[in-house]
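Undergrad: Sharing protein.txt here; it has compact mmCIF, C-alpha atoms.
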```
# COMPACT_ATOMS: atom_id res chain seq x y z
CA MET A 14 153.37 -94.78 -133.54
CA THR A 15 153.72 -91.16 -134.69
CA GLN A 16 154.85 -88.85 -131.95
CA PRO A 17 152.73 -85.70 -131.59
CA LEU A 18 154.05 -82.35 -132.75
CA ILE A 19 155.14 -80.16 -129.83
CA SER A 20 155.04 -76.38 -130.00
CA VAL A 21 157.61 -74.81 -127.68
CA ILE A 22 156.42 -71.30 -126.80
CA ILE A 23 158.88 -68.76 -125.40
CA PRO A 24 157.61 -65.26 -124.57
CA THR A 25 160.55 -62.89 -124.13
CA TYR A 26 161.03 -59.35 -122.88
CA GLY A 27 164.31 -57.58 -122.27
CA ARG A 28 166.45 -60.71 -122.43
CA GLU A 29 169.74 -61.00 -124.30
CA GLU A 30 172.34 -63.68 -123.52
CA PRO A 31 169.94 -65.81 -121.38
CA LEU A 32 167.50 -65.94 -124.31
CA ARG A 33 170.27 -67.06 -126.67
CA GLU A 34 171.37 -69.79 -124.25
CA THR A 35 167.78 -70.94 -123.75
CA LEU A 36 167.26 -71.29 -127.49
CA ILE A 37 170.51 -73.22 -127.88
CA ASP A 38 169.23 -75.74 -125.32
CA VAL A 39 165.81 -75.93 -126.99
CA LEU A 40 167.37 -76.64 -130.37
CA LYS A 41 169.42 -79.52 -128.89
CA GLN A 42 166.32 -81.51 -127.89
CA ASP A 43 166.28 -85.21 -128.80
CA TYR A 44 162.52 -85.16 -129.42
CA PRO A 45 162.03 -85.62 -133.18
CA HIS A 46 158.97 -83.49 -133.91
CA TYR A 47 158.75 -79.94 -132.56
CA GLU A 48 158.56 -76.29 -133.52
CA VAL A 49 159.79 -73.23 -131.62
CA LEU A 50 157.82 -69.99 -131.38
CA VAL A 51 159.53 -66.94 -129.90
CA VAL A 52 157.13 -64.11 -129.02
CA ASP A 53 159.48 -61.15 -128.71
CA GLN A 54 158.28 -58.04 -126.89
CA THR A 55 161.72 -56.44 -126.59
CA PRO A 56 161.76 -53.03 -128.34
CA VAL A 57 165.45 -53.15 -129.35
CA HIS A 58 167.90 -56.03 -128.93
CA GLU A 59 171.65 -55.91 -128.58
CA PRO A 60 173.33 -56.50 -131.99
CA ASP A 61 174.52 -60.03 -131.10
CA THR A 62 171.04 -61.12 -130.04
CA GLN A 63 169.41 -59.48 -133.05
CA GLN A 64 171.75 -61.28 -135.43
CA PHE A 65 171.33 -64.58 -133.58
CA LEU A 66 167.52 -64.46 -133.81
CA GLU A 67 167.54 -63.33 -137.42
CA GLU A 68 169.78 -66.23 -138.43
CA LEU A 69 167.65 -68.82 -136.61
CA ALA A 70 164.48 -67.43 -138.18
CA GLN A 71 165.99 -67.32 -141.69
CA VAL A 72 166.91 -71.02 -141.63
CA GLY A 73 163.54 -71.99 -140.13
CA LYS A 74 164.76 -73.14 -136.72
CA ILE A 75 162.44 -70.72 -134.93
CA ARG A 76 159.33 -68.74 -135.75
CA TRP A 77 160.06 -65.24 -134.50
CA PHE A 78 157.22 -62.82 -133.79
CA ARG A 79 157.94 -59.17 -132.90
CA LEU A 80 155.30 -57.30 -130.91
CA ASN A 81 155.02 -53.67 -129.82
CA TRP A 82 153.27 -54.47 -126.54
CA ALA A 83 154.26 -56.44 -123.43
CA SER A 84 151.98 -58.91 -121.67
CA LEU A 85 152.98 -62.41 -120.61
CA PRO A 86 149.47 -63.96 -120.84
CA GLY A 87 148.85 -61.98 -124.03
CA ALA A 88 152.06 -63.36 -125.54
CA ARG A 89 151.11 -66.92 -124.60
CA ASN A 90 147.71 -66.58 -126.26
CA TYR A 91 149.25 -64.93 -129.32
CA ALA A 92 151.58 -67.91 -129.80
CA VAL A 93 148.89 -70.52 -129.20
CA ARG A 94 146.84 -69.07 -132.07
CA ARG A 95 149.85 -69.42 -134.40
CA SER A 96 151.12 -72.78 -133.22
CA SER A 97 150.50 -76.17 -134.81
CA GLY A 98 151.38 -78.62 -132.06
CA GLU A 99 149.10 -81.08 -130.35
CA ILE A 100 151.08 -80.36 -127.19
CA LEU A 101 152.03 -76.82 -126.18
CA VAL A 102 155.09 -76.42 -123.94
CA PHE A 103 155.62 -73.06 -122.23
CA ILE A 104 159.03 -72.09 -120.87
CA ASP A 105 160.65 -68.85 -119.77
CA ASP A 106 163.42 -67.09 -121.68
CA ASP A 107 166.04 -67.77 -118.99
CA VAL A 108 166.12 -71.53 -118.47
CA GLN A 109 168.53 -74.42 -118.93
CA LEU A 110 167.26 -77.70 -120.41
CA GLU A 111 168.58 -81.23 -120.79
CA PRO A 112 168.20 -82.76 -124.30
CA SER A 113 165.50 -85.13 -122.99
CA TYR A 114 163.28 -82.31 -121.67
CA LEU A 115 160.59 -82.42 -124.37
CA THR A 116 160.53 -86.21 -124.38
CA ALA A 117 159.84 -86.15 -120.63
CA HIS A 118 156.83 -83.88 -121.14
CA ALA A 119 155.50 -85.81 -124.15
CA LYS A 120 155.45 -89.28 -122.59
CA ASN A 121 152.81 -88.23 -120.07
CA TYR A 122 150.26 -87.48 -122.80
CA GLN A 123 149.95 -91.18 -123.63
CA ARG A 124 147.34 -91.11 -120.85
CA SER A 125 144.13 -89.58 -122.18
CA GLU A 126 143.13 -88.23 -118.76
CA VAL A 127 146.22 -85.98 -118.60
CA GLY A 128 145.45 -82.50 -119.90
CA ALA A 129 148.54 -80.74 -118.56
CA VAL A 130 152.00 -81.53 -117.28
CA ALA A 131 153.76 -79.57 -114.56
CA GLY A 132 157.52 -79.96 -114.62
CA ARG A 133 160.04 -79.71 -111.81
CA VAL A 134 161.86 -76.39 -111.43
CA PHE A 135 165.35 -76.01 -110.00
CA ASP A 136 165.73 -72.33 -109.18
CA ARG A 137 169.36 -71.37 -109.75
CA MET A 138 169.45 -69.03 -106.76
CA LYS A 139 168.26 -71.86 -104.50
CA LEU A 140 170.30 -74.80 -105.77
CA ALA A 141 172.04 -74.97 -102.40
CA ASP A 142 168.67 -75.96 -100.89
CA PHE A 143 168.72 -79.33 -102.65
CA ALA A 144 170.45 -81.15 -99.83
CA PRO A 145 169.79 -84.83 -99.06
CA GLY A 146 166.80 -85.34 -96.82
CA LEU A 147 164.72 -82.48 -98.19
CA GLU A 148 163.02 -84.58 -100.87
CA ILE A 149 159.23 -84.81 -100.80
CA GLN A 150 157.39 -87.93 -101.90
CA ASP A 151 153.68 -87.19 -101.53
CA LEU A 152 152.50 -83.61 -101.34
CA PRO A 153 150.43 -82.86 -98.22
CA PRO A 154 146.62 -82.61 -98.41
CA GLU A 155 146.94 -78.83 -98.07
CA ALA A 156 148.60 -78.73 -101.50
CA HIS A 157 145.29 -79.82 -103.07
CA ASP A 158 143.14 -77.23 -101.28
CA PRO A 159 142.70 -74.15 -103.55
CA GLY A 160 142.34 -71.92 -100.51
CA ILE A 161 145.83 -72.56 -99.15
CA ALA A 162 147.61 -74.77 -101.72
CA TRP A 163 149.89 -71.98 -102.91
CA TYR A 164 151.90 -72.18 -99.69
CA HIS A 165 152.22 -75.99 -99.77
CA LEU A 166 152.58 -76.83 -103.48
CA ASN A 167 156.29 -77.57 -103.69
CA LEU A 168 157.34 -78.39 -107.26
CA VAL A 169 160.97 -77.92 -106.31
CA HIS A 170 161.72 -80.68 -103.81
CA THR A 171 159.00 -83.15 -104.82
CA VAL A 172 160.51 -86.24 -106.46
CA LYS A 173 157.45 -88.44 -106.99
CA PRO A 174 155.09 -88.09 -110.00
CA GLN A 175 151.55 -87.26 -108.88
CA ARG A 176 148.45 -85.23 -109.54
CA VAL A 177 148.78 -81.53 -108.66
CA LEU A 178 146.65 -78.42 -108.50
CA SER A 179 148.77 -76.17 -110.67
CA ALA A 180 151.99 -75.82 -112.65
CA ARG A 181 154.75 -73.21 -112.61
CA GLY A 182 154.68 -70.81 -115.53
CA CYS A 183 158.31 -71.37 -116.53
CA ASN A 184 157.82 -75.12 -117.03
CA MET A 185 154.38 -76.35 -118.08
CA SER A 186 152.62 -77.99 -121.01
CA TYR A 187 149.01 -78.46 -122.17
CA ARG A 188 146.97 -80.29 -124.76
CA ARG A 189 145.81 -78.05 -127.58
CA GLU A 190 142.21 -79.07 -126.90
CA ILE A 191 142.29 -77.08 -123.64
CA PHE A 192 142.30 -73.93 -125.76
CA GLN A 193 140.41 -74.91 -128.88
CA GLN A 194 137.76 -77.31 -127.60
CA HIS A 195 137.29 -76.10 -124.02
CA GLY A 196 137.84 -72.41 -124.79
CA ILE A 197 140.24 -71.81 -121.88
CA TRP A 198 142.85 -69.12 -122.55
CA PHE A 199 145.31 -67.21 -120.40
CA ASP A 200 143.61 -64.26 -118.73
CA GLU A 201 145.18 -61.06 -120.07
CA ARG A 202 143.93 -59.05 -117.09
CA PHE A 203 146.89 -60.38 -115.08
CA ARG A 204 149.34 -57.51 -115.02
CA GLY A 205 153.04 -56.86 -114.67
CA SER A 206 154.92 -60.04 -113.79
CA ALA A 207 151.59 -61.87 -114.33
CA VAL A 208 152.08 -63.77 -111.09
CA ARG A 209 149.27 -66.32 -110.59
CA GLU A 210 148.16 -66.26 -114.25
CA GLU A 211 149.21 -69.91 -114.61
CA SER A 212 147.42 -70.80 -111.37
CA ASP A 213 144.27 -69.09 -112.63
CA PHE A 214 144.54 -71.04 -115.90
CA CYS A 215 145.04 -74.36 -114.11
CA LEU A 216 142.07 -73.83 -111.79
CA ARG A 217 139.85 -73.29 -114.83
CA LEU A 218 141.40 -76.29 -116.60
CA ARG A 219 140.47 -78.58 -113.69
CA LYS A 220 136.80 -77.90 -114.38
CA THR A 221 137.15 -79.84 -117.66
CA GLY A 222 137.84 -83.04 -115.71
CA LEU A 223 141.32 -83.37 -117.19
CA MET A 224 144.25 -83.98 -114.89
CA ILE A 225 147.31 -81.82 -114.19
CA TRP A 226 150.15 -84.29 -113.75
CA TYR A 227 153.48 -83.51 -112.11
CA ASP A 228 156.51 -85.22 -113.61
CA PRO A 229 159.84 -84.48 -111.88
CA GLU A 230 161.71 -85.85 -114.91
CA ALA A 231 160.38 -82.92 -116.96
CA SER A 232 162.79 -80.64 -115.15
CA LEU A 233 164.71 -77.49 -115.94
CA VAL A 234 166.87 -74.90 -114.21
CA HIS A 235 165.26 -71.48 -113.93
CA LEU A 236 168.00 -68.86 -113.92
CA GLY A 237 165.82 -66.08 -112.49
CA GLU A 238 167.79 -63.27 -114.12
CA GLU A 239 167.52 -59.97 -112.27
CA THR A 240 166.80 -57.95 -115.40
CA GLY A 241 164.45 -58.54 -118.30
CA GLY A 242 161.41 -60.79 -118.36
CA CYS A 243 159.13 -60.65 -115.34
CA HIS A 244 161.98 -59.21 -113.30
CA ASP A 245 162.20 -56.03 -115.37
CA ILE A 246 160.23 -54.27 -112.63
CA SER A 247 161.94 -54.03 -109.25
CA THR A 248 160.15 -56.07 -106.59
CA LYS A 249 160.40 -53.00 -104.34
CA SER A 250 158.62 -50.73 -106.78
CA LEU A 251 155.09 -49.42 -106.37
CA LYS A 252 154.07 -50.97 -109.69
CA TYR A 253 155.31 -54.43 -108.75
CA GLN A 254 153.59 -54.39 -105.37
CA MET A 255 150.30 -53.22 -106.85
CA THR A 256 150.27 -55.86 -109.58
CA PHE A 257 151.38 -58.59 -107.16
CA TYR A 258 148.37 -58.12 -104.89
CA HIS A 259 146.00 -57.31 -107.76
CA ASN A 260 146.85 -60.61 -109.44
CA HIS A 261 146.48 -62.69 -106.29
CA PHE A 262 143.09 -61.18 -105.51
CA LEU A 263 141.98 -61.55 -109.14
CA MET A 264 142.80 -65.26 -109.11
CA GLY A 265 140.79 -65.72 -105.92
CA LEU A 266 137.81 -63.72 -107.13
CA ASN A 267 137.82 -65.58 -110.45
CA ASN A 268 137.98 -69.15 -109.19
CA LEU A 269 137.42 -69.68 -105.49
CA SER A 270 134.32 -70.17 -103.39
CA ILE A 271 133.65 -67.63 -100.64
CA SER A 272 135.19 -69.88 -97.98
CA GLN A 273 138.20 -70.73 -100.13
CA ALA A 274 138.77 -67.09 -101.08
CA THR A 275 138.50 -66.00 -97.45
CA ARG A 276 141.18 -68.47 -96.38
CA PHE A 277 143.36 -67.53 -99.36
CA PHE A 278 143.13 -63.79 -98.67
CA LEU A 279 143.83 -64.31 -94.96
CA ARG A 280 146.85 -66.47 -95.77
CA LEU A 281 148.05 -63.82 -98.21
CA PHE A 282 147.75 -61.23 -95.43
CA ASP A 283 149.50 -63.41 -92.87
CA CYS A 284 152.44 -64.20 -95.14
CA HIS A 285 152.94 -61.12 -97.31
CA VAL A 286 151.72 -58.35 -95.02
CA LEU A 287 152.65 -59.61 -91.55
CA GLY A 288 155.68 -61.37 -93.00
CA ARG A 289 155.20 -64.70 -91.25
CA PRO A 290 156.68 -67.95 -92.67
CA PRO A 291 157.23 -68.93 -95.34
CA CYS A 292 157.66 -65.28 -96.39
CA HIS A 293 159.96 -64.27 -93.51
CA LYS A 294 159.58 -60.54 -94.14
CA SER A 295 160.53 -57.69 -91.82
CA GLY A 296 158.27 -57.27 -88.80
CA SER A 297 158.88 -53.53 -88.66
CA PRO A 298 155.54 -51.75 -87.96
CA ILE A 299 156.29 -49.21 -90.68
CA LYS A 300 156.94 -51.90 -93.29
CA ILE A 301 153.84 -53.85 -92.23
CA LEU A 302 151.74 -50.69 -92.67
CA MET A 303 153.27 -50.11 -96.10
CA ARG A 304 152.51 -53.69 -97.15
CA LEU A 305 148.99 -53.35 -95.75
CA GLY A 306 148.48 -50.32 -97.97
CA PHE A 307 149.52 -52.29 -101.05
CA TYR A 308 147.33 -55.21 -99.94
CA LEU A 309 144.21 -53.03 -99.65
CA ALA A 310 144.96 -51.12 -102.84
CA GLY A 311 145.51 -54.39 -104.71
CA PHE A 312 142.18 -55.71 -103.47
CA MET A 313 140.32 -52.60 -104.62
CA SER A 314 142.10 -52.72 -107.96
CA ALA A 315 141.06 -56.34 -108.47
CA ILE A 316 137.45 -55.47 -107.62
CA VAL A 317 137.53 -52.72 -110.27
CA THR A 318 138.95 -55.22 -112.78
CA VAL A 319 136.15 -57.68 -112.06
CA ILE A 320 133.48 -54.98 -112.39
CA ARG A 321 134.91 -53.79 -115.71
CA SER A 322 134.85 -57.39 -116.91
CA LEU A 323 131.05 -57.32 -116.86
CA TRP A 324 131.23 -55.51 -120.21
CA ASN A 325 134.88 -56.03 -121.13
CA LYS A 326 136.42 -59.47 -120.62
CA GLY A 327 139.84 -57.89 -120.54
CA GLN A 328 141.39 -59.94 -123.36
CA ILE A 329 142.58 -56.70 -124.94
CA TYR A 330 145.53 -58.20 -126.83
CA THR A 331 143.44 -61.02 -128.24
CA GLN A 332 140.79 -58.51 -129.30
CA GLN A 333 143.42 -56.56 -131.23
CA ASP A 334 144.80 -59.66 -132.93
CA GLU A 335 143.73 -60.44 -136.48
CA VAL A 336 144.14 -64.16 -135.76
CA ARG A 337 141.24 -65.05 -133.43
CA PRO A 338 140.42 -68.40 -131.84
```
Take the structure from the file and write it as structure tokens.

TA:
Amino acid sequence: MTQPLISVIIPTYGREEPLRETLIDVLKQDYPHYEVLVVDQTPVHEPDTQQFLEELAQVGKIRWFRLNWASLPGARNYAVRRSSGEILVFIDDDVQLEPSYLTAHAKNYQRSEVGAVAGRVFDRMKLADFAPGLEIQDLPPEAHDPGIAWYHLNLVHTVKPQRVLSARGCNMSYRREIFQQHGIWFDERFRGSAVREESDFCLRLRKTGLMIWYDPEASLVHLGEETGGCHDISTKSLKYQMTFYHNHFLMGLNNLSISQATRFFLRLFDCHVLGRPPCHKSGSPIKILMRLGFYLAGFMSAIVTVIRSLWNKGQIYTQQDEVRP
């Protein structure tokens, strides 16, 4: 039986050595039939990285696309339109992979009801948390409730394959038909770090009836570099805070019922504004007021985005692209 072609899609921005190491791991995969697309939004690379990418592209090991704009969902869509695979695997530009990584994703697509695979993510900065006894078998019912799932969906400690609500953006794969036949694409209105863009995509995917399947064997280590990629903007900056809340509210307004959205927005307030677990933020009144300001500003910004979408769907990078779906 012929194994399906896999397209490995790697958006990158401001990465140097971690990107090189990621590509080395990707090119060591034991899966026999795959292509690698690097969507590069870095204005100028260091000489070593530039030479490395040029050499890989010249010998056909990667397809290297240089862009003069930066958007994570825009980069994903850009690559999908240029890819050839039946299965599309999305990873970050700062991950470590075992040679069997692609094989682990691919085996799940033998089941026709599986439309997406969510892989397990070992965050490098939290590897000490993987102590015996913390393993999770079955996710709790709350992890399947779109109103509160985001605080119970643990794709770090869960060791049992099962159906899930969403994937993590650094380790996920989809059937091509999700894009081409069902017309579901990443929403380019998600800004900055694009937090929740993958959750938004998965919530829309579920409406097709296809399943999102979690496979802990499809694992990787996410390095979480402090510079480049989604971390290029300081988490303490005004821009980061604004886009963080904007994106959360946009996901809720896009996909949730009134009751679900109400519970989601209240949970967002409880965790990220008041700082209660699992966020564990400072309870200083001044800091709570500051976070409240970002929360309210993010909500208003998301409302403006939704209103503008009545005449502009917000897929601005797709609209500029000569290759359209």

Undergrad: Using CA of Val102 in chain A and CA of Asn184 in chain A as the two end points, give the distance in Å to one decimal.

TA: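 About the pair CA of Val102 in chain A and CA of Asn184 in chain A: they are 7.5 Å apart.
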
Undergrad: Using all atoms listed in the file, find the one residue out of A:Tyr91, A:Gly311, A:Asp61, A:Val286 that sits nearest to Gln332 in chain A.

TA: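 Residue with the minimum atom-to-atom distance to Gln332 in chain A: A:Tyr91.
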
Undergrad: Pick from A:Lys300, A:Arg79, A:Arg188, A:Arg280: nearest to Pro56 in chain A, with only C-alpha atoms counted?

TA: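 Between A:Lys300, A:Arg79, A:Arg188, A:Arg280, the residue approaching Pro56 in chain A most closely is A:Arg79.
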
Undergrad: Leaving out Gly73 in chain A and any residue of its chain fewer than 2 positions from it, which residues lie within 12 Å of it when counting all atoms listed in the file, given as an mmCIF file with C-alpha atoms, in the coordinates of the input?

TA:
```cif
data_model
loop_
_atom_site.group_PDB
_atom_site.id
_atom_site.type_symbol
_atom_site.label_atom_id
_atom_site.label_comp_id
_atom_site.auth_asym_id
_atom_site.auth_seq_id
_atom_site.Cartn_x
_atom_site.Cartn_y
_atom_site.Cartn_z
ATOM 1 C CA LEU A 40 167.370 -76.640 -130.370
ATOM 2 C CA TYR A 47 158.750 -79.940 -132.560
ATOM 3 C CA GLU A 48 158.560 -76.290 -133.520
ATOM 4 C CA VAL A 49 159.790 -73.230 -131.620
ATOM 5 C CA LEU A 50 157.820 -69.990 -131.380
ATOM 6 C CA LEU A 66 167.520 -64.460 -133.810
ATOM 7 C CA GLU A 67 167.540 -63.330 -137.420
ATOM 8 C CA GLU A 68 169.780 -66.230 -138.430
ATOM 9 C CA LEU A 69 167.650 -68.820 -136.610
ATOM 10 C CA ALA A 70 164.480 -67.430 -138.180
ATOM 11 C CA GLN A 71 165.990 -67.320 -141.690
ATOM 12 C CA ILE A 75 162.440 -70.720 -134.930
ATOM 13 C CA ARG A 76 159.330 -68.740 -135.750
ATOM 14 C CA TRP A 77 160.060 -65.240 -134.500
#
```

Undergrad: Any idea what the distance is between CA of Gly128 in chain A and CA of Cys215 in chain A?

TA: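 Computing the Euclidean distance for CA of Gly128 in chain A and CA of Cys215 in chain A yields 10.0 Å.
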
Undergrad: Please return as a list in words every residue within 10 Å of (144.5, -64.4, -122.0), taking into account only C-alpha atoms and the file's own coordinates.

TA: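 The answer, in the requested form, is Ser84, Leu85, Pro86, Gly87, Ala88, Arg89, Asn90, Tyr91, Ile197, Trp198, Phe199, Asp200, Glu201, Arg202, Phe203, Glu210, Phe214, Lys326, Gly327, Gln328, Ile329, Tyr330 and Thr331 of chain A.
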
Undergrad: Please provide the set of residues having any atom within 12 Å of Asp283 in chain A, restricted to only C-alpha atoms, with same-chain residues fewer than 2 positions apart removed, written as number ranges by chain.

TA: A: 161, 164, 276-281, 285-294, 296, 301, 304-305, 308

Undergrad: Considering only C-alpha atoms, return as a PyMOL selection string whatever protein or nucleic-acid residues lie within 6 Å of range 216-233 of chain A, sequence-local ones (same chain, fewer than 4 positions apart) excluded.

TA: chain A and resi 109-110+114+117-118+126-134+172+174-177

Undergrad: Generate the output file for the selected residues, C-alpha atoms, as a short mmCIF file (atom, residue, chain, number, x, y, z; two decimals), keeping the file's coordinate frame.

TA:
```
data_model
loop_
_atom_site.label_atom_id
_atom_site.label_comp_id
_atom_site.auth_asym_id
_atom_site.auth_seq_id
_atom_site.Cartn_x
_atom_site.Cartn_y
_atom_site.Cartn_z
CA GLN A 109 168.53 -74.42 -118.93
CA LEU A 110 167.26 -77.70 -120.41
CA TYR A 114 163.28 -82.31 -121.67
CA ALA A 117 159.84 -86.15 -120.63
CA HIS A 118 156.83 -83.88 -121.14
CA GLU A 126 143.13 -88.23 -118.76
CA VAL A 127 146.22 -85.98 -118.60
CA GLY A 128 145.45 -82.50 -119.90
CA ALA A 129 148.54 -80.74 -118.56
CA VAL A 130 152.00 -81.53 -117.28
CA ALA A 131 153.76 -79.57 -114.56
CA GLY A 132 157.52 -79.96 -114.62
CA ARG A 133 160.04 -79.71 -111.81
CA VAL A 134 161.86 -76.39 -111.43
CA VAL A 172 160.51 -86.24 -106.46
CA PRO A 174 155.09 -88.09 -110.00
CA GLN A 175 151.55 -87.26 -108.88
CA ARG A 176 148.45 -85.23 -109.54
CA VAL A 177 148.78 -81.53 -108.66
#
```

Undergrad: Select, counting only C-alpha atoms, all protein, DNA and RNA residues no farther than 12 Å from (157.0, -88.4, -125.8) in file coordinates, and express the selection as a list in words.

TA: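 Every polymer residue passing the test: Met14, Thr15, Gln16, Pro17, Leu18, Ile19, Gln42, Asp43, Tyr44, Pro45, His46, Tyr47, Glu99, Ile100, Ser113, Tyr114, Leu115, Thr116, Ala117, His118, Ala119, Lys120, Asn121, Tyr122, Gln123, Arg124 and Ala231 of chain A.
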
Undergrad: Taking the structure in the block just given, could you write range 166-245 of chain A with C-alpha atoms, as a compact mmCIF listing (two decimals), in the first residue's frame?

TA:
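Listed below is the output, selection.txt:
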```txt
# COMPACT_ATOMS: atom_id res chain seq x y z
CA LEU A 166 -6.97 20.18 27.75
CA ASN A 167 -3.59 18.80 28.79
CA LEU A 168 -1.63 17.54 25.79
CA VAL A 169 1.53 17.45 27.87
CA HIS A 170 0.90 14.81 30.53
CA THR A 171 -1.76 12.77 28.73
CA VAL A 172 -0.42 9.35 27.74
CA LYS A 173 -3.51 7.67 26.28
CA PRO A 174 -4.67 8.17 22.65
CA GLN A 175 -8.16 9.68 22.53
CA ARG A 176 -10.44 12.16 20.85
CA VAL A 177 -9.72 15.80 21.71
CA LEU A 178 -11.17 19.24 21.10
CA SER A 179 -8.08 20.91 19.70
CA ALA A 180 -4.39 20.54 18.88
CA ARG A 181 -1.35 22.63 19.78
CA GLY A 182 -0.03 24.76 16.95
CA CYS A 183 3.55 23.51 17.21
CA ASN A 184 2.55 19.88 16.65
CA MET A 185 -0.54 19.17 14.55
CA SER A 186 -1.55 17.63 11.24
CA TYR A 187 -4.61 17.68 8.97
CA ARG A 188 -6.02 16.03 5.89
CA ARG A 189 -5.78 18.20 2.79
CA GLU A 190 -9.53 17.86 2.28
CA ILE A 191 -10.13 20.07 5.34
CA PHE A 192 -8.84 22.99 3.28
CA GLN A 193 -9.79 22.10 -0.27
CA GLN A 194 -13.10 20.30 0.12
CA HIS A 195 -14.46 21.86 3.31
CA GLY A 196 -13.01 25.32 2.70
CA ILE A 197 -11.60 25.74 6.22
CA TRP A 198 -8.45 27.88 6.39
CA PHE A 199 -6.49 29.51 9.20
CA ASP A 200 -8.06 32.83 10.15
CA GLU A 201 -5.56 35.59 9.33
CA ARG A 202 -7.30 38.02 11.69
CA PHE A 203 -5.45 36.37 14.59
CA ARG A 204 -2.65 38.78 15.40
CA GLY A 205 0.80 38.81 16.94
CA SER A 206 1.66 35.44 18.45
CA ALA A 207 -1.60 34.17 16.88
CA VAL A 208 -2.54 32.48 20.15
CA ARG A 209 -5.79 30.50 19.74
CA GLU A 210 -5.64 30.46 15.92
CA GLU A 211 -5.23 26.66 15.99
CA SER A 212 -8.11 26.35 18.49
CA ASP A 213 -10.30 28.47 16.22
CA PHE A 214 -9.37 26.25 13.27
CA CYS A 215 -10.11 23.04 15.19
CA LEU A 216 -13.50 24.26 16.39
CA ARG A 217 -14.50 24.92 12.78
CA LEU A 218 -13.05 21.56 11.68
CA ARG A 219 -15.28 19.72 14.16
CA LYS A 220 -18.34 20.95 12.29
CA THR A 221 -17.33 18.73 9.35
CA GLY A 222 -17.92 15.62 11.49
CA LEU A 223 -14.27 14.59 11.23
CA MET A 224 -12.40 13.67 14.38
CA ILE A 225 -9.38 15.33 16.00
CA TRP A 226 -7.34 12.44 17.41
CA TYR A 227 -4.63 12.78 20.04
CA ASP A 228 -1.65 10.46 19.65
CA PRO A 229 1.02 10.75 22.37
CA GLU A 230 3.47 8.84 20.15
CA ALA A 231 3.45 11.78 17.72
CA SER A 232 5.53 13.75 20.17
CA LEU A 233 8.16 16.46 20.00
CA VAL A 234 10.10 18.76 22.29
CA HIS A 235 9.16 22.42 21.96
CA LEU A 236 12.19 24.53 22.81
CA GLY A 237 10.23 27.75 23.38
CA GLU A 238 13.11 30.04 22.44
CA GLU A 239 12.89 33.47 24.03
CA THR A 240 13.60 35.33 20.80
CA GLY A 241 12.23 34.91 17.30
CA GLY A 242 9.01 33.23 16.28
CA CYS A 243 5.95 34.00 18.38
CA HIS A 244 8.21 35.09 21.21
CA ASP A 245 9.69 38.01 19.28
```
